[in-house]
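start.pdb follows; it contains PDB, C-alpha atoms.
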ATOM      1  CA  MET A   5     162.620  -4.170 195.071  1.00  0.00           C
ATOM      2  CA  ARG A   6     160.613  -7.046 196.493  1.00  0.00           C
ATOM      3  CA  LEU A   7     158.614  -7.187 193.265  1.00  0.00           C
ATOM      4  CA  LYS A   8     161.829  -7.401 191.201  1.00  0.00           C
ATOM      5  CA  LEU A   9     163.178 -10.244 193.318  1.00  0.00           C
ATOM      6  CA  LEU A  10     159.912 -12.145 192.972  1.00  0.00           C
ATOM      7  CA  PHE A  11     159.977 -11.654 189.196  1.00  0.00           C
ATOM      8  CA  TYR A  12     163.607 -12.842 189.059  1.00  0.00           C
ATOM      9  CA  PHE A  13     162.734 -15.971 191.094  1.00  0.00           C
ATOM     10  CA  TRP A  14     159.898 -16.983 188.786  1.00  0.00           C
ATOM     11  CA  ALA A  15     162.026 -16.360 185.694  1.00  0.00           C
ATOM     12  CA  MET A  16     164.816 -18.630 186.975  1.00  0.00           C
ATOM     13  CA  LEU A  17     162.298 -21.324 187.935  1.00  0.00           C
ATOM     14  CA  GLY A  18     160.862 -21.270 184.405  1.00  0.00           C
ATOM     15  CA  LEU A  19     164.335 -21.490 182.869  1.00  0.00           C
ATOM     16  CA  PHE A  20     165.205 -24.535 185.034  1.00  0.00           C
ATOM     17  CA  ALA A  21     161.949 -26.247 184.035  1.00  0.00           C
ATOM     18  CA  CYS A  22     162.655 -25.673 180.349  1.00  0.00           C
ATOM     19  CA  GLN A  23     166.143 -27.177 180.653  1.00  0.00           C
ATOM     20  CA  SER A  24     164.959 -30.228 182.651  1.00  0.00           C
ATOM     21  CA  ALA A  25     161.988 -31.118 180.481  1.00  0.00           C
ATOM     22  CA  PRO A  26     163.992 -32.365 177.449  1.00  0.00           C
ATOM     23  CA  ASP A  27     166.096 -34.629 179.716  1.00  0.00           C
ATOM     24  CA  ALA A  28     163.000 -36.186 181.206  1.00  0.00           C
ATOM     25  CA  GLY A  29     161.474 -36.615 177.763  1.00  0.00           C
ATOM     26  CA  GLN A  30     164.669 -38.175 176.426  1.00  0.00           C
ATOM     27  CA  GLU A  31     164.796 -40.579 179.379  1.00  0.00           C
ATOM     28  CA  ALA A  32     161.184 -41.564 178.771  1.00  0.00           C
ATOM     29  CA  ALA A  33     161.927 -42.098 175.068  1.00  0.00           C
ATOM     30  CA  GLU A  34     164.934 -44.268 175.879  1.00  0.00           C
ATOM     31  CA  VAL A  35     162.856 -46.374 178.263  1.00  0.00           C
ATOM     32  CA  ALA A  36     160.190 -46.796 175.606  1.00  0.00           C
ATOM     33  CA  THR A  37     162.822 -47.742 173.000  1.00  0.00           C
ATOM     34  CA  ASP A  38     164.384 -50.312 175.315  1.00  0.00           C
ATOM     35  CA  THR A  39     160.971 -51.779 176.060  1.00  0.00           C
ATOM     36  CA  LEU A  40     160.091 -52.096 172.380  1.00  0.00           C
ATOM     37  CA  SER A  41     163.501 -53.602 171.648  1.00  0.00           C
ATOM     38  CA  SER A  42     163.135 -56.226 174.350  1.00  0.00           C
ATOM     39  CA  MET A  43     159.638 -57.035 173.108  1.00  0.00           C
ATOM     40  CA  SER A  44     160.965 -57.547 169.566  1.00  0.00           C
ATOM     41  CA  GLN A  45     163.678 -60.018 170.676  1.00  0.00           C
ATOM     42  CA  PRO A  46     162.462 -63.636 170.571  1.00  0.00           C
ATOM     43  CA  ALA A  47     162.508 -65.363 173.924  1.00  0.00           C
ATOM     44  CA  ALA A  48     165.191 -68.011 174.319  1.00  0.00           C
ATOM     45  CA  GLN A  49     163.587 -71.343 173.568  1.00  0.00           C
ATOM     46  CA  LYS A  50     164.509 -74.500 175.395  1.00  0.00           C
ATOM     47  CA  PRO A  51     165.305 -77.453 173.123  1.00  0.00           C
ATOM     48  CA  LEU A  52     162.344 -79.715 172.661  1.00  0.00           C
ATOM     49  CA  PRO A  53     162.634 -83.099 174.366  1.00  0.00           C
ATOM     50  CA  PRO A  54     162.958 -86.080 172.022  1.00  0.00           C
ATOM     51  CA  PRO A  55     159.718 -87.839 171.193  1.00  0.00           C
ATOM     52  CA  PRO A  56     158.931 -90.930 173.235  1.00  0.00           C
ATOM     53  CA  PRO A  57     160.525 -94.137 171.924  1.00  0.00           C
ATOM     54  CA  ASP A  58     158.523 -95.899 169.244  1.00  0.00           C
ATOM     55  CA  TYR A  59     160.113 -99.290 169.900  1.00  0.00           C
ATOM     56  CA  ASP A  60     160.473-101.853 172.668  1.00  0.00           C
ATOM     57  CA  THR A  61     163.064-100.248 174.948  1.00  0.00           C
ATOM     58  CA  ALA A  62     163.536-103.471 176.896  1.00  0.00           C
ATOM     59  CA  ALA A  63     164.793-105.178 173.739  1.00  0.00           C
ATOM     60  CA  TRP A  64     166.372-102.322 171.791  1.00  0.00           C
ATOM     61  CA  THR A  65     168.237 -99.044 172.158  1.00  0.00           C
ATOM     62  CA  GLU A  66     168.512 -96.370 169.488  1.00  0.00           C
ATOM     63  CA  VAL A  67     172.147 -95.299 169.691  1.00  0.00           C
ATOM     64  CA  ALA A  68     171.445 -91.653 168.813  1.00  0.00           C
ATOM     65  CA  ARG A  69     169.351 -91.356 171.977  1.00  0.00           C
ATOM     66  CA  LEU A  70     172.318 -92.402 174.126  1.00  0.00           C
ATOM     67  CA  ASP A  71     174.837 -90.035 172.555  1.00  0.00           C
ATOM     68  CA  SER A  72     173.896 -87.660 169.749  1.00  0.00           C
ATOM     69  CA  SER A  73     177.564 -86.923 168.984  1.00  0.00           C
ATOM     70  CA  ILE A  74     178.022 -90.360 167.392  1.00  0.00           C
ATOM     71  CA  VAL A  75     177.798 -90.030 163.621  1.00  0.00           C
ATOM     72  CA  ILE A  76     175.101 -92.286 162.152  1.00  0.00           C
ATOM     73  CA  ASP A  77     175.509 -93.040 158.433  1.00  0.00           C
ATOM     74  CA  MET A  78     173.643 -96.255 157.730  1.00  0.00           C
ATOM     75  CA  LYS A  79     174.993 -97.270 154.344  1.00  0.00           C
ATOM     76  CA  TYR A  80     172.051 -99.551 153.543  1.00  0.00           C
ATOM     77  CA  ALA A  81     169.809 -96.504 153.771  1.00  0.00           C
ATOM     78  CA  THR A  82     171.810 -95.237 150.768  1.00  0.00           C
ATOM     79  CA  THR A  83     173.200 -96.738 147.573  1.00  0.00           C
ATOM     80  CA  GLU A  84     176.764 -96.634 148.986  1.00  0.00           C
ATOM     81  CA  ASN A  85     176.978-100.378 149.610  1.00  0.00           C
ATOM     82  CA  PHE A  86     178.042-103.463 147.720  1.00  0.00           C
ATOM     83  CA  VAL A  87     174.603-104.079 146.188  1.00  0.00           C
ATOM     84  CA  GLU A  88     174.374-100.386 145.193  1.00  0.00           C
ATOM     85  CA  GLU A  89     170.758-100.300 146.280  1.00  0.00           C
ATOM     86  CA  LYS A  90     168.881 -98.651 149.142  1.00  0.00           C
ATOM     87  CA  MET A  91     167.693-101.344 151.537  1.00  0.00           C
ATOM     88  CA  TYR A  92     166.556 -99.328 154.585  1.00  0.00           C
ATOM     89  CA  ASP A  93     163.832 -96.708 154.312  1.00  0.00           C
ATOM     90  CA  CYS A  94     165.715 -94.399 156.682  1.00  0.00           C
ATOM     91  CA  SER A  95     168.928 -94.190 158.676  1.00  0.00           C
ATOM     92  CA  ARG A  96     168.254 -95.310 162.249  1.00  0.00           C
ATOM     93  CA  CYS A  97     170.736 -97.356 164.282  1.00  0.00           C
ATOM     94  CA  PHE A  98     169.348 -99.895 166.766  1.00  0.00           C
ATOM     95  CA  LEU A  99     171.318-102.316 168.920  1.00  0.00           C
ATOM     96  CA  ARG A 100     170.633-104.478 171.928  1.00  0.00           C
ATOM     97  CA  PRO A 101     170.863-102.225 175.022  1.00  0.00           C
ATOM     98  CA  GLU A 102     174.071-103.779 176.332  1.00  0.00           C
ATOM     99  CA  VAL A 103     175.693-103.560 172.899  1.00  0.00           C
ATOM    100  CA  ALA A 104     174.638 -99.945 172.413  1.00  0.00           C
ATOM    101  CA  LYS A 105     176.021 -98.891 175.796  1.00  0.00           C
ATOM    102  CA  ALA A 106     179.367-100.555 175.021  1.00  0.00           C
ATOM    103  CA  VAL A 107     179.589 -98.707 171.693  1.00  0.00           C
ATOM    104  CA  VAL A 108     178.892 -95.391 173.427  1.00  0.00           C
ATOM    105  CA  ARG A 109     181.622 -96.046 176.003  1.00  0.00           C
ATOM    106  CA  ILE A 110     184.108 -96.683 173.207  1.00  0.00           C
ATOM    107  CA  HIS A 111     183.065 -93.501 171.408  1.00  0.00           C
ATOM    108  CA  GLN A 112     183.412 -91.389 174.549  1.00  0.00           C
ATOM    109  CA  ARG A 113     186.894 -92.758 175.261  1.00  0.00           C
ATOM    110  CA  LEU A 114     187.937 -92.029 171.675  1.00  0.00           C
ATOM    111  CA  GLN A 115     186.679 -88.458 172.046  1.00  0.00           C
ATOM    112  CA  LYS A 116     189.435 -87.883 174.611  1.00  0.00           C
ATOM    113  CA  GLN A 117     191.885 -88.623 171.791  1.00  0.00           C
ATOM    114  CA  GLY A 118     190.173 -86.202 169.410  1.00  0.00           C
ATOM    115  CA  LEU A 119     188.445 -89.055 167.557  1.00  0.00           C
ATOM    116  CA  GLY A 120     185.013 -90.643 167.424  1.00  0.00           C
ATOM    117  CA  LEU A 121     182.916 -93.349 165.823  1.00  0.00           C
ATOM    118  CA  LYS A 122     180.806 -93.325 162.700  1.00  0.00           C
ATOM    119  CA  LEU A 123     178.290 -96.188 162.572  1.00  0.00           C
ATOM    120  CA  LEU A 124     177.748 -97.617 159.093  1.00  0.00           C
ATOM    121  CA  ASP A 125     175.387-100.490 159.926  1.00  0.00           C
ATOM    122  CA  CYS A 126     173.810-101.723 163.140  1.00  0.00           C
ATOM    123  CA  PHE A 127     170.850-104.056 163.649  1.00  0.00           C
ATOM    124  CA  ARG A 128     169.776-105.408 160.285  1.00  0.00           C
ATOM    125  CA  PRO A 129     166.187-106.712 160.237  1.00  0.00           C
ATOM    126  CA  ARG A 130     165.954-110.225 158.861  1.00  0.00           C
ATOM    127  CA  PRO A 131     163.518-109.164 156.104  1.00  0.00           C
ATOM    128  CA  ILE A 132     166.362-106.962 154.830  1.00  0.00           C
ATOM    129  CA  GLN A 133     168.743-109.905 155.115  1.00  0.00           C
ATOM    130  CA  TRP A 134     166.417-111.844 152.847  1.00  0.00           C
ATOM    131  CA  LYS A 135     166.545-109.015 150.281  1.00  0.00           C
ATOM    132  CA  LEU A 136     170.335-109.045 150.365  1.00  0.00           C
ATOM    133  CA  TRP A 137     170.381-112.829 150.056  1.00  0.00           C
ATOM    134  CA  GLU A 138     168.086-112.707 147.037  1.00  0.00           C
ATOM    135  CA  LYS A 139     170.486-110.308 145.338  1.00  0.00           C
ATOM    136  CA  VAL A 140     173.733-112.020 146.435  1.00  0.00           C
ATOM    137  CA  PRO A 141     173.112-115.612 147.631  1.00  0.00           C
ATOM    138  CA  ASP A 142     176.768-116.086 148.519  1.00  0.00           C
ATOM    139  CA  PRO A 143     177.567-116.874 152.186  1.00  0.00           C
ATOM    140  CA  ARG A 144     181.032-115.368 151.759  1.00  0.00           C
ATOM    141  CA  TYR A 145     179.385-111.943 151.614  1.00  0.00           C
ATOM    142  CA  VAL A 146     175.828-112.351 152.920  1.00  0.00           C
ATOM    143  CA  ALA A 147     174.769-114.585 155.799  1.00  0.00           C
ATOM    144  CA  ASP A 148     172.006-117.038 154.986  1.00  0.00           C
ATOM    145  CA  PRO A 149     168.920-115.444 156.609  1.00  0.00           C
ATOM    146  CA  ARG A 150     167.677-118.844 157.735  1.00  0.00           C
ATOM    147  CA  GLU A 151     170.634-118.986 160.098  1.00  0.00           C
ATOM    148  CA  GLY A 152     170.975-115.239 160.419  1.00  0.00           C
ATOM    149  CA  SER A 153     173.938-113.103 161.379  1.00  0.00           C
ATOM    150  CA  MET A 154     175.015-111.096 164.397  1.00  0.00           C
ATOM    151  CA  HIS A 155     173.589-108.051 162.618  1.00  0.00           C
ATOM    152  CA  ASN A 156     170.190-109.773 162.587  1.00  0.00           C
ATOM    153  CA  ARG A 157     170.520-110.216 166.344  1.00  0.00           C
ATOM    154  CA  GLY A 158     171.445-106.593 167.060  1.00  0.00           C
ATOM    155  CA  ALA A 159     174.882-107.542 168.381  1.00  0.00           C
ATOM    156  CA  ALA A 160     177.100-106.427 165.483  1.00  0.00           C
ATOM    157  CA  VAL A 161     178.186-103.044 164.168  1.00  0.00           C
ATOM    158  CA  ASP A 162     179.953-101.874 161.046  1.00  0.00           C
ATOM    159  CA  LEU A 163     181.843 -98.700 161.840  1.00  0.00           C
ATOM    160  CA  THR A 164     184.858 -96.517 161.264  1.00  0.00           C
ATOM    161  CA  LEU A 165     186.811 -93.712 162.918  1.00  0.00           C
ATOM    162  CA  VAL A 166     186.248 -90.000 162.408  1.00  0.00           C
ATOM    163  CA  SER A 167     188.134 -86.898 163.469  1.00  0.00           C
ATOM    164  CA  ALA A 168     186.714 -84.394 165.950  1.00  0.00           C
ATOM    165  CA  GLU A 169     185.294 -82.572 162.907  1.00  0.00           C
ATOM    166  CA  GLY A 170     183.514 -85.717 161.711  1.00  0.00           C
ATOM    167  CA  GLU A 171     185.863 -86.508 158.819  1.00  0.00           C
ATOM    168  CA  GLU A 172     186.475 -90.206 158.180  1.00  0.00           C
ATOM    169  CA  LEU A 173     189.997 -91.449 158.774  1.00  0.00           C
ATOM    170  CA  ASP A 174     191.716 -93.359 155.983  1.00  0.00           C
ATOM    171  CA  MET A 175     191.178 -97.087 156.461  1.00  0.00           C
ATOM    172  CA  GLY A 176     192.702 -98.201 153.189  1.00  0.00           C
ATOM    173  CA  THR A 177     189.456 -99.327 151.534  1.00  0.00           C
ATOM    174  CA  PRO A 178     185.878 -98.115 151.562  1.00  0.00           C
ATOM    175  CA  PHE A 179     183.110 -99.866 153.467  1.00  0.00           C
ATOM    176  CA  ASP A 180     181.797-103.026 151.791  1.00  0.00           C
ATOM    177  CA  PHE A 181     184.980-103.558 149.808  1.00  0.00           C
ATOM    178  CA  PHE A 182     185.411-107.288 149.295  1.00  0.00           C
ATOM    179  CA  GLY A 183     189.041-108.101 148.680  1.00  0.00           C
ATOM    180  CA  PRO A 184     192.233-108.896 150.583  1.00  0.00           C
ATOM    181  CA  GLU A 185     192.997-105.214 151.143  1.00  0.00           C
ATOM    182  CA  ALA A 186     190.012-105.037 153.522  1.00  0.00           C
ATOM    183  CA  HIS A 187     191.212-107.962 155.626  1.00  0.00           C
ATOM    184  CA  PRO A 188     192.455-106.917 159.074  1.00  0.00           C
ATOM    185  CA  ALA A 189     195.580-109.057 158.596  1.00  0.00           C
ATOM    186  CA  TYR A 190     196.547-107.314 155.341  1.00  0.00           C
ATOM    187  CA  THR A 191     199.608-105.130 155.963  1.00  0.00           C
ATOM    188  CA  ASN A 192     200.664-103.818 152.546  1.00  0.00           C
ATOM    189  CA  LEU A 193     199.194-100.439 153.401  1.00  0.00           C
ATOM    190  CA  PRO A 194     200.552 -97.040 154.509  1.00  0.00           C
ATOM    191  CA  ASP A 195     201.575 -96.836 158.154  1.00  0.00           C
ATOM    192  CA  SER A 196     198.861 -94.243 158.811  1.00  0.00           C
ATOM    193  CA  VAL A 197     196.185 -96.684 157.613  1.00  0.00           C
ATOM    194  CA  LEU A 198     197.573 -99.514 159.725  1.00  0.00           C
ATOM    195  CA  THR A 199     197.612 -97.184 162.736  1.00  0.00           C
ATOM    196  CA  ASN A 200     193.998 -96.147 162.184  1.00  0.00           C
ATOM    197  CA  ARG A 201     192.885 -99.768 161.897  1.00  0.00           C
ATOM    198  CA  ALA A 202     194.811-100.665 165.042  1.00  0.00           C
ATOM    199  CA  ILE A 203     193.175 -97.831 167.008  1.00  0.00           C
ATOM    200  CA  LEU A 204     189.710 -98.986 165.956  1.00  0.00           C
ATOM    201  CA  ARG A 205     190.480-102.624 166.654  1.00  0.00           C
ATOM    202  CA  GLU A 206     191.922-102.002 170.125  1.00  0.00           C
ATOM    203  CA  ALA A 207     189.023 -99.718 171.041  1.00  0.00           C
ATOM    204  CA  MET A 208     186.496-102.379 170.086  1.00  0.00           C
ATOM    205  CA  LEU A 209     188.397-105.219 171.774  1.00  0.00           C
ATOM    206  CA  SER A 210     188.438-103.210 174.998  1.00  0.00           C
ATOM    207  CA  GLU A 211     184.661-103.689 175.323  1.00  0.00           C
ATOM    208  CA  GLY A 212     184.526-107.325 174.271  1.00  0.00           C
ATOM    209  CA  PHE A 213     183.804-106.865 170.558  1.00  0.00           C
ATOM    210  CA  GLN A 214     185.425-109.337 168.188  1.00  0.00           C
ATOM    211  CA  PRO A 215     186.489-108.740 164.571  1.00  0.00           C
ATOM    212  CA  ILE A 216     186.170-111.061 161.597  1.00  0.00           C
ATOM    213  CA  THR A 217     188.910-112.009 159.148  1.00  0.00           C
ATOM    214  CA  THR A 218     187.550-110.312 156.025  1.00  0.00           C
ATOM    215  CA  GLU A 219     186.251-106.851 157.042  1.00  0.00           C
ATOM    216  CA  TRP A 220     188.129-104.192 159.027  1.00  0.00           C
ATOM    217  CA  TRP A 221     184.805-102.444 159.773  1.00  0.00           C
ATOM    218  CA  HIS A 222     182.824-105.331 161.317  1.00  0.00           C
ATOM    219  CA  PHE A 223     182.728-106.159 165.050  1.00  0.00           C
ATOM    220  CA  SER A 224     180.285-108.178 167.133  1.00  0.00           C
ATOM    221  CA  LEU A 225     179.892-108.460 170.885  1.00  0.00           C
ATOM    222  CA  SER A 226     181.068-111.891 171.883  1.00  0.00           C
ATOM    223  CA  GLY A 227     179.579-114.161 174.508  1.00  0.00           C
ATOM    224  CA  LYS A 228     176.002-113.031 173.904  1.00  0.00           C
ATOM    225  CA  ASN A 229     173.223-115.118 172.411  1.00  0.00           C
ATOM    226  CA  TYR A 230     170.530-112.743 171.218  1.00  0.00           C
ATOM    227  CA  ALA A 231     167.547-113.970 169.238  1.00  0.00           C
ATOM    228  CA  LEU A 232     167.121-113.261 165.545  1.00  0.00           C
ATOM    229  CA  SER A 233     164.702-110.401 164.974  1.00  0.00           C
ATOM    230  CA  ASP A 234     162.383-109.233 162.205  1.00  0.00           C
ATOM    231  CA  MET A 235     161.787-105.851 163.863  1.00  0.00           C
ATOM    232  CA  LEU A 236     161.410-103.059 161.295  1.00  0.00           C
ATOM    233  CA  TRP A 237     161.789 -99.485 162.510  1.00  0.00           C
ATOM    234  CA  LYS A 238     159.501 -96.622 161.600  1.00  0.00           C
ATOM    235  CA  CYS A 239     160.514 -93.633 159.505  1.00  0.00           C
ATOM    236  CA  TYR A 240     159.232 -90.066 159.926  1.00  0.00           C
TER
END

Representation of the structure as structure tokens:
Amino acid sequence: MRLKLLFYFWAMLGLFACQSAPDAGQEAAEVATDTLSSMSQPAAQKPLPPPPPDYDTAAWTEVARLDSSIVIDMKYATTENFVEEKMYDCSRCFLRPEVAKAVVRIHQRLQKQGLGLKLLDCFRPRPIQWKLWEKVPDPRYVADPREGSMHNRGAAVDLTLVSAEGEELDMGTPFDFFGPEAHPAYTNLPDSVLTNRAILREAMLSEGFQPITTEWWHFSLSGKNYALSDMLWKCY
């Protein structure tokens, strides 16, 4: 009898071991699978910091470094301008630090309304002004580079409004359109266009920028006397 009980005990122990072994093996396999899976997933990478400035930061600010949500579309880095020729090697927007900070403040206030700024021209190096003057030596459209313009001083911007999705709002004429329809005082336009121009104008006036009589897109910071500059930015 004692021998039978001992045999029964060892038989049950063997059966329990056989049933437990697959579970342990499955658990080990799952652990191994999870480990391999985690090893195959790329580690989350932190965004790389911007490269150090390649310009005199005491004299200039690159607007994109202050707020990357501002749309930069420098039209003289394309052929979409009145001379239909590329004048800048690449699209970088520089302004005097005080001017750049004012533009960013305007943009951030407009964002609360579901709008934003698109910058079409910023600082214009005087060597580029000379190129424009050689093509169109007409002071109605191009400032004489010997006297220079507010663009050549880094105190003027050409810009427009965009939606939260980055789409340009209708301003009645394209950039660099020379005709009465582009004049801020021209009113024979749809109400929506007049409203868009008024929003842009009031936003710029709020930070001390002043318009001119012939271009709805042009504003310069008043009361500042910055020097003319020949600074040319690098392209990468």

Explicit residue set for the PyMOL selection byres ((chain A and resi 76-91) around 7), as a PyMOL selection string: chain A and resi 74-75+92-95+122-125+132+180

Near-region 149-159 of chain A list (8 Å; all atoms listed in the file; drop same-chain fewer than 6 positions) as JSON, numbers by chain: {"A": [98, 99, 100, 103, 126, 127, 128, 129, 130, 133, 134, 137, 224, 225, 228, 230, 231, 232, 233, 234]}

d(CA of Arg113 (chain A), CA of Pro178 (chain A)) in Å: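 Taking CA of Arg113 (chain A) and CA of Pro178 (chain A), their separation equals 24.3 Å.
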
Selection near region 105-111 of chain A, 8 Å with only C-alpha atoms, sequence-local residues under 6 positions removed, as a list in words: Val67, Leu70, Asp71, Ile74, Leu119, Gly120, Leu121, Ala207, Met208 and Glu211 of chain A

Residue nearest Glu185 (chain A) among A:Ala160, A:Trp220, A:Gly212, A:Thr199 (counting only C-alpha atoms):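 Of all the options, A:Trp220 lies closest to Glu185 (chain A).
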